[in-house]
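K.L.:
Starting off with a structure, shown below.
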Amino acid sequence: MAALAFLGEGEDVAPVIQEILQQLVNGISLGSIYALVALGYTMVYGIIKLINFAHGDIYMIGAFTGYFAIKIFHLPFLPALVVAMVVAACLGILIERLAYRPLRNSTRIAALITAIGVSFLIQNVALLIWQPNPRAFPDVFPFRSYDLWGVYIDNRQLLILGVSVLLMIVLHYVVHYTNIGRAMRAVALDDDAARLMGIDVDKVISFTFAIGSALAAAGGVLVGVYYNRIDPMMGTMPGLKAFVAAVLGGIGIIPGAMLGGLVMGVAEVMVVALTESTWKDAVAFAILIIILLVRPAGIMGRRVREKV
Amino acid sequence: MLIVEELNVFYGGIHALKEVSFQVKEGEIMTLIGANGAGKTTTLKAISGLIRGRSGSIRYNGEDIASMPAHQIVRKGLSQVPEGRRVFADMSVAENLTLGAYHRKEAISIKSDLEWVYQLFPRLAERQQQMAGTLSGGEQQMLAIGRGLMSHPKLLLLDEPSMGLAPLLVKEIFEIIREINSTGVTILLVEQNAHMALSVADTAYVMETGRVVLSGRAAEVAANAQVRAAYLGA
């Protein structure tokens, strides 16, 4: 406590620490969702050097799929989550197949602009079908809050943490200890050498889109549970923030996306706690500008290598 | 075993291979020699399916593979060890070798091939968990060859295995190439080091600016006055 003596005579230290811990809990919950979405950006970038700007919209589709699965088909939470992940995975594969694969050998800017186009397409079709009004996400887990020495953590935050940690462990296992995971890393490192190993590069790219999209969908469903509302434009801002998180951690690096997501979540929550909530979205872009100026390769990135 | 006929390859507007024809017979070591830019690497890439020829045929055991995707060609038993090694730098030696056997299912024969590779290159066995990018140039070349062998090839294409290596190491690599060949693996060896290549090969083709200009028994090619002057420094 001596270290906090600057607080001055008579002031109570405990509430300050409690407040910081409380914001950390909130920030890590939000950050886990950013991390799930950031993983898709980073995996796709790692393998085909494309920023898939439609990724935030896949997250939105995931949230809506979860919503319909629960509301219309009366599925419990976990099966609904799985359905949302599967639907998003198929959508991811389809988008890559139709929009990005034909442009595989054209300039990177062409693919990037196409990605933005796909994003607009998904958003506008969603607006047309589902209307712009927000919907209330079904209340699958009645709100319960637990008091841990003055720091509150609720069951939805625990759910977010549990699901994201579990998915990240599964992802780590797949990437490091399975054949398809090794193939993914090989294609990311050197696609021609991977072909010479007998790896079907197109299949590996499809698989990468599937995994990334499934993780984004999980993030979308969790956000629905957390904030209780979804709408067709919900993917835009979290999509951009997750992209910043991926850049922050070092784009193309999987643990970097996890770290970047958590840092983004905590930073956002802290800024809201300390200033006004209107600064919430500005934080993300301030972080992006700073990281690009100071360390463009990201926290976990190494020197930038260009493939010849 | 491999018959290439009148192969033409273009890079943009550049006519890189002009009517290239040659063949590799089962069990032999065939070498393709020539200066930098003669089209040797392009030839190998066309065989492996990494680039496409505009015309001509590439037949492997009677089957036309000229338009087959690269990953399927490997499954037919044709494996390439690319120029510059191209090992997966951020992966361990063991993982690189596992990737070499990517398309194979039979655990037992994969294991026996792995044991063989470690026996050929004891240095790789000592460094199984080391990242490939931290190996020396010679070790990376060994790893690249070992990885190529893990697909259990019938025909092994080697692109400049001596590049950038110390003379003693070059000798070691060539001895191993001979040893691999003695187990029944046919070898197509592309080399700038014509002297070493001709000393291990059975037959040889000489390429110049995208064309095959000379071919024959390796010993005959080595005795040719022009080859001696141009490539053997005699």
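Letters for chains follow the order of the structure tokens (A, B, ...), residue numbers begin at 1 for each chain, and ligand numbers begin at 1 in the order shown.
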What residues in chain A have any atom no more than 10 Å from chain B when counting only C-alpha atoms, and can you write them as a PDB file with C-alpha atoms, in the first residue's frame?
P.N.:
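The result, written out as out_32.pdb:
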ATOM      1  CA  HIS A 176       0.356 -26.896 -34.390  1.00  0.00           C
ATOM      2  CA  TYR A 177      -0.467 -30.554 -34.122  1.00  0.00           C
ATOM      3  CA  ASN A 179      -1.681 -32.137 -40.750  1.00  0.00           C
ATOM      4  CA  ILE A 180      -3.967 -29.404 -42.016  1.00  0.00           C
ATOM      5  CA  ARG A 182       1.028 -27.756 -40.525  1.00  0.00           C
ATOM      6  CA  ALA A 183      -0.104 -27.289 -44.120  1.00  0.00           C
ATOM      7  CA  ARG A 185       1.700 -22.746 -41.723  1.00  0.00           C
ATOM      8  CA  ALA A 186       3.619 -24.131 -44.687  1.00  0.00           C
ATOM      9  CA  VAL A 187       1.432 -22.267 -47.200  1.00  0.00           C
ATOM     10  CA  ALA A 188       1.805 -19.067 -45.155  1.00  0.00           C
ATOM     11  CA  LEU A 189       5.592 -19.427 -45.213  1.00  0.00           C
ATOM     12  CA  ASP A 190       6.100 -20.463 -48.854  1.00  0.00           C
ATOM     13  CA  ASP A 192       5.230 -22.933 -53.907  1.00  0.00           C
ATOM     14  CA  ALA A 193       7.338 -25.039 -51.560  1.00  0.00           C
ATOM     15  CA  ALA A 194       4.049 -26.204 -49.986  1.00  0.00           C
ATOM     16  CA  ARG A 195       2.785 -27.298 -53.423  1.00  0.00           C
ATOM     17  CA  LEU A 196       5.951 -29.340 -53.861  1.00  0.00           C
ATOM     18  CA  MET A 197       5.049 -31.178 -50.643  1.00  0.00           C
ATOM     19  CA  GLY A 198       1.812 -32.311 -52.247  1.00  0.00           C
ATOM     20  CA  ILE A 199      -0.278 -29.747 -50.366  1.00  0.00           C
ATOM     21  CA  ASP A 200      -3.431 -28.657 -52.187  1.00  0.00           C
ATOM     22  CA  VAL A 201      -3.035 -24.926 -51.577  1.00  0.00           C
TER      23      VAL A 201
END
K.L.:
Measure the distance from CA of Ile14 in chain B to CA of Asn36 in chain B in Å and round it to one decimal.
P.N.:
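Separation of CA of Ile14 in chain B and CA of Asn36 in chain B: 15.7 Å.
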K.L.:
Identify which of the residues B:Asn181, B:Thr134, B:Gln226, B:Ser109 lies closest to Glu26 in chain B, counting only C-alpha atoms when measuring atom-to-atom distances.
P.N.:
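The closest residue to Glu26 in chain B is B:Asn181.
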K.L.:
From range 26-212 of chain B, collect each residue whose DSSP state is strand (DSSP E or B) and return the set as JSON, numbers by chain.
P.N.:
{"B": [29, 30, 31, 32, 33, 34, 55, 56, 57, 58, 59, 60, 63, 64, 78, 79, 80, 81, 92, 131, 155, 156, 157, 158, 159, 186, 187, 188, 189, 190, 191, 203, 204, 205, 206, 207, 208, 211, 212]}
K.L.:
One decimal, in Å: what's the spacing between CA of Val174 in chain A and CA of Ala111 in chain A?
P.N.:
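Going from CA of Val174 in chain A over to CA of Ala111 in chain A covers 27.5 Å.
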K.L.:
Select, from A:Gly298, A:Phe137, A:Phe209, A:Gln18, the residue with the minimum atom-to-atom distance to Ala245 in chain A, counting only C-alpha atoms.
P.N.:
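Comparing A:Gly298, A:Phe137, A:Phe209, A:Gln18 against Ala245 in chain A, the winner is A:Gly298.
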K.L.:
Taking the DSSP secondary structure from the backbone, can you list the residues of range 164-208 of chain B that are helix (DSSP H, G or I), as an NGL selection string?
P.N.:
:B and (167-182 or 194-200)
K.L.:
Go ahead and save the picked residues with N, CA and C atoms, as a CSV table (one decimal), in the first residue's frame.
P.N.:
chain,number,residue,atom,x,y,z
B,167,PRO,N,33.3,-26.6,-50.6
B,167,PRO,CA,33.7,-27.8,-51.4
B,167,PRO,C,33.5,-29.2,-50.7
B,168,LEU,N,33.9,-29.2,-49.5
B,168,LEU,CA,33.9,-30.5,-48.8
B,168,LEU,C,32.4,-31.0,-48.6
B,169,LEU,N,31.5,-30.0,-48.4
B,169,LEU,CA,30.1,-30.3,-48.2
B,169,LEU,C,29.5,-30.7,-49.5
B,170,VAL,N,30.0,-30.1,-50.6
B,170,VAL,CA,29.5,-30.4,-51.9
B,170,VAL,C,29.8,-31.9,-52.2
B,171,LYS,N,31.0,-32.3,-51.9
B,171,LYS,CA,31.4,-33.7,-52.1
B,171,LYS,C,30.4,-34.6,-51.3
B,172,GLU,N,30.2,-34.2,-50.0
B,172,GLU,CA,29.3,-35.0,-49.2
B,172,GLU,C,27.9,-35.2,-49.8
B,173,ILE,N,27.4,-34.0,-50.2
B,173,ILE,CA,26.0,-34.0,-50.8
B,173,ILE,C,26.0,-34.9,-52.1
B,174,PHE,N,27.0,-34.9,-52.9
B,174,PHE,CA,27.0,-35.7,-54.1
B,174,PHE,C,27.1,-37.2,-53.8
B,175,GLU,N,27.9,-37.5,-52.7
B,175,GLU,CA,27.9,-38.9,-52.3
B,175,GLU,C,26.6,-39.4,-51.9
B,176,ILE,N,25.9,-38.5,-51.2
B,176,ILE,CA,24.5,-38.9,-50.7
B,176,ILE,C,23.6,-39.0,-51.9
B,177,ILE,N,23.7,-38.2,-52.9
B,177,ILE,CA,22.9,-38.3,-54.1
B,177,ILE,C,23.1,-39.7,-54.7
B,178,ARG,N,24.3,-40.1,-54.8
B,178,ARG,CA,24.7,-41.4,-55.3
B,178,ARG,C,24.0,-42.5,-54.5
B,179,GLU,N,24.1,-42.3,-53.2
B,179,GLU,CA,23.6,-43.3,-52.3
B,179,GLU,C,22.0,-43.4,-52.5
B,180,ILE,N,21.4,-42.3,-52.6
B,180,ILE,CA,19.9,-42.3,-52.8
B,180,ILE,C,19.6,-43.0,-54.1
B,181,ASN,N,20.4,-42.7,-55.2
B,181,ASN,CA,20.2,-43.4,-56.5
B,181,ASN,C,20.3,-44.9,-56.4
B,182,SER,N,21.3,-45.3,-55.5
B,182,SER,CA,21.6,-46.7,-55.4
B,182,SER,C,20.4,-47.5,-54.8
B,194,ALA,N,29.2,-28.2,-63.1
B,194,ALA,CA,29.2,-29.2,-64.2
B,194,ALA,C,30.1,-30.4,-63.9
B,195,HIS,N,31.3,-30.0,-63.3
B,195,HIS,CA,32.3,-31.0,-63.0
B,195,HIS,C,31.8,-32.1,-62.1
B,196,MET,N,31.2,-31.7,-61.0
B,196,MET,CA,30.6,-32.6,-60.0
B,196,MET,C,29.5,-33.4,-60.6
B,197,ALA,N,28.6,-32.6,-61.3
B,197,ALA,CA,27.4,-33.3,-61.9
B,197,ALA,C,27.7,-34.4,-62.9
B,198,LEU,N,28.7,-34.1,-63.7
B,198,LEU,CA,29.1,-35.0,-64.8
B,198,LEU,C,29.8,-36.2,-64.1
B,199,SER,N,30.4,-36.0,-63.0
B,199,SER,CA,31.1,-37.2,-62.4
B,199,SER,C,30.2,-38.2,-61.7
B,200,VAL,N,28.9,-37.8,-61.4
B,200,VAL,CA,28.0,-38.7,-60.8
B,200,VAL,C,27.0,-39.2,-61.8
K.L.:
Would you list the contacts of Gly216 in chain B as a list in words, taking every protein, DNA or RNA residue within 7 Å and counting only C-alpha atoms, but skipping same-chain residues closer than 4 positions in sequence?
P.N.:
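In the requested form, the answer reads Thr203, Ala204, Tyr205, Glu220 and Val221 of chain B.
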K.L.:
Would you save the residues of that selection, restricted to C-alpha atoms, as a compact mmCIF listing (two decimals), in the first residue's frame?
P.N.:
# COMPACT_ATOMS: atom_id res chain seq x y z
CA THR B 203 23.56 -39.18 -68.95
CA ALA B 204 23.77 -35.45 -69.45
CA TYR B 205 22.02 -32.68 -71.37
CA GLU B 220 31.05 -38.32 -73.56
CA VAL B 221 29.62 -34.92 -72.68
K.L.:
Leaving out Arg135 in chain A and any residue of its chain fewer than 4 positions from it, which residues lie within 8 Å of it when counting only C-alpha atoms, given as a PyMOL selection string?
P.N.:
chain A and resi 229-231
K.L.:
Produce a file of the selected residues containing C-alpha atoms, as a PDB file, in the first residue's frame.
P.N.:
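Output below, filename out-v7.pdb:
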ATOM      1  CA  ARG A 229     -28.928  -6.575 -29.329  1.00  0.00           C
ATOM      2  CA  ILE A 230     -27.929  -7.215 -32.917  1.00  0.00           C
ATOM      3  CA  ASP A 231     -28.424  -5.362 -36.193  1.00  0.00           C
TER       4      ASP A 231
END
K.L.:
Take CA of Leu156 in chain B and CA of Leu188 in chain B and report the distance between them in Å, one decimal.
P.N.:
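Rounded to one decimal, the two atoms are 6.2 Å apart.
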K.L.:
Find the residues around Leu121 in chain A up to 12 Å (only C-alpha atoms counted), leave out those fewer than 4 positions away in its own chain, and share them as a list of chain:residue names.
P.N.:
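The residues that qualify are A:Phe53, A:Ala54, A:Asp57, A:Ile58, A:Ile95, A:Ala99, A:Thr114, A:Ala115, A:Ile116, A:Gly117, A:Val125, A:Ala126, A:Leu127, A:Leu128, A:Pro232, A:Met233.
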K.L.:
Calculated over only C-alpha atoms, which of the candidates B:Ala222, B:Val24, B:Ile65, B:Ile47 has the smallest distance to Thr186 in chain B?
P.N.:
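Checking each of B:Ala222, B:Val24, B:Ile65, B:Ile47 against Thr186 in chain B, counting only C-alpha atoms, the winner is B:Val24.
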